[in-house]
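Peer 1: Just so it is clear, I am handing over run-v8.txt, which has compact mmCIF, C-alpha atoms.
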# COMPACT_ATOMS: atom_id res chain seq x y z
CA MET A 1 72.56 54.54 122.87
CA THR A 2 75.03 57.38 122.24
CA THR A 3 78.71 56.50 122.50
CA ARG A 4 80.96 59.02 124.24
CA THR A 5 84.09 60.04 122.35
CA GLY A 6 85.95 61.16 125.48
CA THR A 7 86.20 64.74 124.20
CA THR A 8 84.96 67.58 126.37
CA ARG A 9 84.04 70.74 124.50
CA THR A 10 83.96 74.23 125.97
CA LEU A 11 81.14 76.66 125.30
CA ALA A 12 81.62 80.35 126.01
CA VAL A 13 78.43 82.31 126.66
CA VAL A 14 78.55 86.07 126.13
CA SER A 15 75.56 87.86 127.67
CA ALA A 16 75.19 91.63 127.34
CA GLY A 17 72.11 91.99 129.54
CA LEU A 18 72.15 94.95 131.90
CA SER A 19 69.76 93.86 134.62
CA THR A 20 69.71 90.92 137.02
CA PRO A 21 67.88 88.85 136.02
CA SER A 22 67.50 89.79 132.36
CA SER A 23 65.70 88.31 129.39
CA THR A 24 69.06 88.34 127.61
CA ARG A 25 70.62 86.03 130.20
CA LEU A 26 67.48 83.90 130.26
CA LEU A 27 67.73 83.37 126.50
CA ALA A 28 71.46 82.71 126.78
CA ASP A 29 70.84 80.05 129.41
CA ARG A 30 68.18 78.33 127.30
CA LEU A 31 70.43 78.28 124.24
CA THR A 32 73.34 76.96 126.29
CA ALA A 33 71.32 74.17 127.87
CA ALA A 34 69.99 73.15 124.47
CA THR A 35 73.49 73.15 122.96
CA VAL A 36 74.93 71.07 125.79
CA ALA A 37 72.08 68.58 125.31
CA ALA A 38 72.69 68.51 121.54
CA LEU A 39 76.40 67.86 122.05
CA ARG A 40 75.67 65.01 124.43
CA GLN A 41 73.29 63.50 121.90
CA ARG A 42 76.22 63.54 119.47
CA GLY A 43 78.56 61.85 121.94
CA GLU A 44 80.40 64.92 123.26
CA ASP A 45 80.55 66.26 126.79
CA ALA A 46 80.61 70.00 127.39
CA THR A 47 81.62 72.58 129.96
CA VAL A 48 80.18 76.08 130.02
CA GLU A 49 81.84 79.39 130.89
CA VAL A 50 79.70 82.52 131.09
CA VAL A 51 80.93 86.05 130.44
CA GLU A 52 78.50 88.63 131.83
CA LEU A 53 79.55 91.82 130.09
CA ARG A 54 77.83 94.05 132.67
CA GLU A 55 80.51 92.90 135.12
CA HIS A 56 83.21 94.20 132.76
CA ALA A 57 81.74 97.59 131.84
CA ARG A 58 84.45 99.53 133.67
CA ASP A 59 87.13 97.12 132.48
CA LEU A 60 86.12 97.78 128.89
CA ALA A 61 86.18 101.56 129.40
CA ASP A 62 89.64 101.31 130.96
CA ALA A 63 90.86 99.17 128.04
CA PHE A 64 89.83 101.83 125.54
CA VAL A 65 91.63 104.54 127.50
CA THR A 66 94.82 102.62 128.33
CA GLY A 67 95.01 100.43 125.24
CA PHE A 68 95.36 97.26 127.32
CA PRO A 69 92.80 94.97 128.96
CA ASN A 70 93.25 94.41 132.70
CA ALA A 71 93.51 90.93 134.19
CA ALA A 72 89.74 90.45 134.59
CA LEU A 73 88.99 91.50 131.03
CA ARG A 74 91.87 89.41 129.66
CA ALA A 75 90.37 86.37 131.38
CA ALA A 76 86.99 87.09 129.79
CA ILE A 77 88.58 87.50 126.36
CA GLU A 78 90.51 84.24 126.75
CA THR A 79 87.32 82.46 127.80
CA VAL A 80 85.70 83.44 124.52
CA THR A 81 88.66 83.06 122.17
CA GLY A 82 89.68 79.73 123.70
CA ALA A 83 86.24 78.09 123.52
CA ASP A 84 85.11 75.51 121.00
CA GLY A 85 81.89 77.42 120.38
CA VAL A 86 80.29 80.69 121.41
CA VAL A 87 76.73 81.69 122.28
CA ALA A 88 76.48 85.48 121.90
CA VAL A 89 73.35 87.27 123.12
CA THR A 90 72.60 90.99 123.25
CA PRO A 91 69.63 93.20 124.00
CA VAL A 92 68.59 95.55 121.20
CA PHE A 93 69.03 99.28 121.80
CA THR A 94 68.26 101.91 119.15
CA ALA A 95 67.85 99.32 116.40
CA SER A 96 71.20 97.61 116.99
CA TYR A 97 73.24 95.53 119.44
CA SER A 98 74.06 97.22 122.74
CA GLY A 99 77.10 99.44 123.11
CA LEU A 100 78.44 97.06 125.77
CA PHE A 101 78.25 94.16 123.32
CA LYS A 102 80.04 96.15 120.60
CA SER A 103 82.69 97.32 123.06
CA PHE A 104 83.59 93.73 123.85
CA ALA A 105 83.80 92.91 120.15
CA ASP A 106 86.08 95.93 119.71
CA VAL A 107 88.67 94.66 122.21
CA LEU A 108 88.95 91.27 120.51
CA ASP A 109 91.83 90.75 118.11
CA LYS A 110 90.51 90.77 114.56
CA ASP A 111 91.69 87.18 114.04
CA ALA A 112 90.68 85.81 117.45
CA LEU A 113 87.38 84.31 116.28
CA THR A 114 88.45 83.15 112.84
CA GLY A 115 86.61 79.93 112.03
CA LYS A 116 84.97 79.72 115.45
CA PRO A 117 81.32 78.57 115.55
CA VAL A 118 79.03 81.26 116.97
CA LEU A 119 75.32 81.18 117.71
CA LEU A 120 73.75 84.65 117.49
CA ALA A 121 70.77 85.74 119.57
CA ALA A 122 69.05 88.94 120.66
CA THR A 123 66.20 90.15 122.84
CA ALA A 124 63.92 93.17 122.59
CA GLY A 125 60.47 94.38 123.51
CA THR A 126 58.86 93.78 120.12
CA ALA A 127 59.45 91.47 117.18
CA ARG A 128 60.09 94.39 114.80
CA HIS A 129 63.67 94.49 116.11
CA SER A 130 64.44 90.96 114.93
CA LEU A 131 66.21 92.21 111.78
CA VAL A 132 69.09 93.28 114.04
CA LEU A 133 70.29 89.68 113.87
CA GLU A 134 70.84 89.76 110.11
CA HIS A 135 71.62 93.45 109.54
CA ALA A 136 73.91 94.14 112.50
CA MET A 137 75.08 91.04 114.37
CA ARG A 138 75.81 88.74 111.46
CA PRO A 139 77.90 91.35 109.57
CA LEU A 140 79.87 92.06 112.76
CA PHE A 141 80.84 88.41 113.16
CA ALA A 142 81.44 88.06 109.44
CA TYR A 143 84.05 90.81 109.79
CA LEU A 144 85.62 88.80 112.62
CA ARG A 145 85.54 85.76 110.29
CA ALA A 146 83.59 83.64 112.74
CA VAL A 147 81.32 80.89 111.43
CA THR A 148 77.79 81.81 112.46
CA VAL A 149 75.10 79.14 112.57
CA PRO A 150 72.30 79.53 110.00
CA THR A 151 69.56 79.96 112.61
CA ALA A 152 69.80 83.10 114.73
CA VAL A 153 67.39 83.38 117.65
CA PHE A 154 65.34 86.43 118.56
CA ALA A 155 63.06 86.65 121.58
CA ALA A 156 60.54 89.45 122.06
CA SER A 157 58.59 90.07 125.26
CA GLU A 158 55.68 88.05 123.91
CA ASP A 159 57.92 84.97 123.68
CA TRP A 160 58.24 84.93 127.46
CA ALA A 161 54.51 84.47 128.05
CA GLY A 162 54.04 82.96 131.47
CA GLY A 163 57.53 83.99 132.49
CA ASP A 164 59.26 80.75 131.51
CA GLY A 165 59.74 81.16 127.77
CA THR A 166 57.68 78.13 126.82
CA SER A 167 56.28 79.40 123.53
CA ALA A 168 56.49 76.64 120.95
CA GLU A 169 57.96 78.94 118.31
CA LEU A 170 60.82 80.11 120.52
CA SER A 171 61.52 76.58 121.75
CA GLY A 172 61.71 75.37 118.16
CA ARG A 173 64.20 78.08 117.18
CA VAL A 174 66.32 77.40 120.26
CA THR A 175 66.47 73.67 119.56
CA ARG A 176 67.28 74.15 115.87
CA ALA A 177 70.02 76.72 116.50
CA ALA A 178 71.56 74.62 119.29
CA GLY A 179 71.73 71.60 116.99
CA GLU A 180 73.43 73.65 114.30
CA LEU A 181 76.01 74.95 116.77
CA ALA A 182 76.66 71.44 118.10
CA ASP A 183 77.22 70.15 114.55
CA LEU A 184 79.75 72.89 113.83
CA VAL A 185 81.56 72.36 117.14
CA ILE A 186 82.04 68.62 116.72
CA GLY A 187 83.26 69.16 113.17
CA ARG A 188 86.35 70.98 114.46
CA PRO A 189 89.30 69.86 116.60
CA ALA A 190 88.97 70.73 120.27
CA SER A 191 90.34 74.20 120.96
CA ALA A 192 93.39 74.91 123.08
CA ARG A 193 93.70 78.05 125.13
CA PRO A 194 95.65 80.70 123.20
CA ALA A 195 98.89 81.94 124.67
CA ASP A 196 98.51 85.12 126.70
CA PRO A 197 100.19 87.88 124.64
CA PHE A 198 100.59 89.96 127.82
CA ALA A 199 102.14 87.21 129.95
CA ASP A 200 105.67 88.62 129.62
CA VAL A 201 104.73 92.29 129.84
CA PRO A 202 106.17 93.80 133.05
CA SER A 203 103.77 95.43 135.49
CA PHE A 204 103.70 99.19 136.02
CA GLU A 205 105.40 98.70 139.41
CA GLN A 206 108.21 96.72 137.78
CA LEU A 207 108.72 99.48 135.23
CA LEU A 208 109.01 102.05 138.02
CA ARG A 209 111.62 99.89 139.76
CA GLY A 210 113.56 99.52 136.52
CA GLU A 211 112.99 95.75 136.40
CA ALA A 212 111.75 95.62 132.79
Show me, as C-alpha cells, the structure contained in the file I just sent.

Peer 2:
Amino acid sequence: MTTRTGTTRTLAVVSAGLSTPSSTRLLADRLTAATVAALRQRGEDATVEVVELREHARDLADAFVTGFPNAALRAAIETVTGADGVVAVTPVFTASYSGLFKSFADVLDKDALTGKPVLLAATAGTARHSLVLEHAMRPLFAYLRAVTVPTAVFAASEDWAGGDGTSAELSGRVTRAAGELADLVIGRPASARPADPFADVPSFEQLLRGEA
C-alpha cells in the first residue's frame, strides 16, 4: 500500500491545439492522467491546471505589440512557471511546433523554467513528423534550461485508431513518459508561486490621473 506524504504537486498542461476537440488536447489529457496516476503510486497527490493556448491567441499578439502580457496571459504564464511539472503538447505545422506554441515560449522569461521538469509531446498526421520532438522542441526547452524527460511522446493519426487512442505502442510511451515526469517532480521541493513582477505597476488609467 502506498503511503501518502501529504504533499500536493501541481501539474501545468500546455496544449496548443487549434480545434475543439483536438488530438493535441486528447494526447495532453492522456499524458496528464497517466502522470497523476504515477504520482499517486509514488505517494504524492496532484492538482492539474490546463492552459489552452488557443484561448490566448489575441493575448499573445497584444503582448508582442505592447511589450506586456495582460491579466489573462499573466495568469497563464504564472500557471506554467509556478507548477511543479509541465506537460507541453503541440501540433506539428511545417515540420516544427506551431507558431502559437512558440509565441507562448517567447513571452516566458528566459529563466522562468530553469530546472523545471517538462514532458514533451506532439501530434501530426503522419509519423514522419516525429523528429520534431528531438530537433525542435527539445532544443527550445534546453535553451530555457528546463529538465525534459527522456521519453518524448508523438502521436500520429494512426495512433488514434478507433478514436480512443488505445494503440499499445502509444499507451506504452505515455505510461513511460508519465513515470519519468513523476520521478523528476517528486525529486524536487514543491514549487511556490513566483511573485508577480507587474503587481506594483500602475494601470493606464492611474497613469492618466497622475497616480503613479

Peer 1: Go through A:Leu113, A:Ala146, A:Leu119, A:Val107 and flag the residue nearest Gly67 in chain A, using all atoms listed in the file for the distances.

Peer 2: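 The answer is A:Val107, which sits nearest to Gly67 in chain A.
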
Peer 1: Between A:Ala178, A:Ala83, A:Val132, A:Leu18, which has the minimum distance to Lys116 in chain A (counting only C-alpha atoms)?

Peer 2: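 Smallest distance to Lys116 in chain A is found for A:Ala83.
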
Peer 1: I'd like the interatomic distance between CA of Gln41 in chain A and CA of Val87 in chain A, to a tenth of an Å.

Peer 2: 18.5 Å

Peer 1: Need to verify the contact set: Val149 in chain A, 10 Å, all atoms listed in the file, exclusion of same-chain residues closer than 5 positions in sequence. Can you return it as a list in words?

Peer 2: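 So, after excluding close chain neighbours, the residues are Pro117, Val118, Leu119, Leu120, Arg138, Arg176, Ala177, Ala178, Gly179, Glu180, Leu181, Ala182, Asp183 and Leu184 of chain A.
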
Peer 1: Just checking: using all atoms listed in the file, which residue out of A:Arg188, A:Arg40, A:His56, A:Arg173 ends up closest to Phe101 in chain A?

Peer 2: A:His56

Peer 1: With only C-alpha atoms as the counted atoms, please give the residues lying no more than 9 Å from Thr126 in chain A, apart from itself and same-chain residues fewer than 6 positions off, as JSON, numbers by chain.

Peer 2: {"A": [155, 156, 157, 158]}

Peer 1: Between A:Thr20, A:Asn70, A:Ser103, A:Thr7, which one has atoms that come closest to Leu39 in chain A, using all atoms listed in the file?

Peer 2: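 Distance minimum relative to Leu39 in chain A lands on A:Thr7.
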
Peer 1: At a cut-off of 9 Å, using all atoms listed in the file, what residues contact range 49-53 of chain A? Leave out same-chain residues fewer than 5 positions from it and give the result as a list in words.

Peer 2: Thr10, Leu11, Ala12, Val13, Val14, Ser15, Ala16, Gly17, Leu18, Arg25, Leu60, Ala76, Ile77, Thr79, Val80, Ala83, Leu100, Phe101 and Phe104 of chain A

Peer 1: Kindly indicate which residue among A:Ala34, A:Ala124, A:Ala63, A:Val147 lies nearest to Asp106 in chain A, using all atoms listed in the file for the distances.

Peer 2: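 Of A:Ala34, A:Ala124, A:Ala63, A:Val147, the one nearest Asp106 in chain A is A:Ala63, counting all atoms listed in the file.
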
Peer 1: Between CA of Leu131 in chain A and CA of Phe93 in chain A, what distance in Å does the model show, to one decimal?

Peer 2: 12.6 Å

Peer 1: Do you have the CA of Val174 in chain A-CA of Gly187 in chain A distance handy?

Peer 2: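 About the pair CA of Val174 in chain A and CA of Gly187 in chain A: they are 20.1 Å apart.
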
Peer 1: Rank nothing, just name the residue among A:Asp111, A:Glu169, A:Asp159, A:Glu134 nearest to Ala95 in chain A, using all atoms listed in the file.

Peer 2: A:Glu134
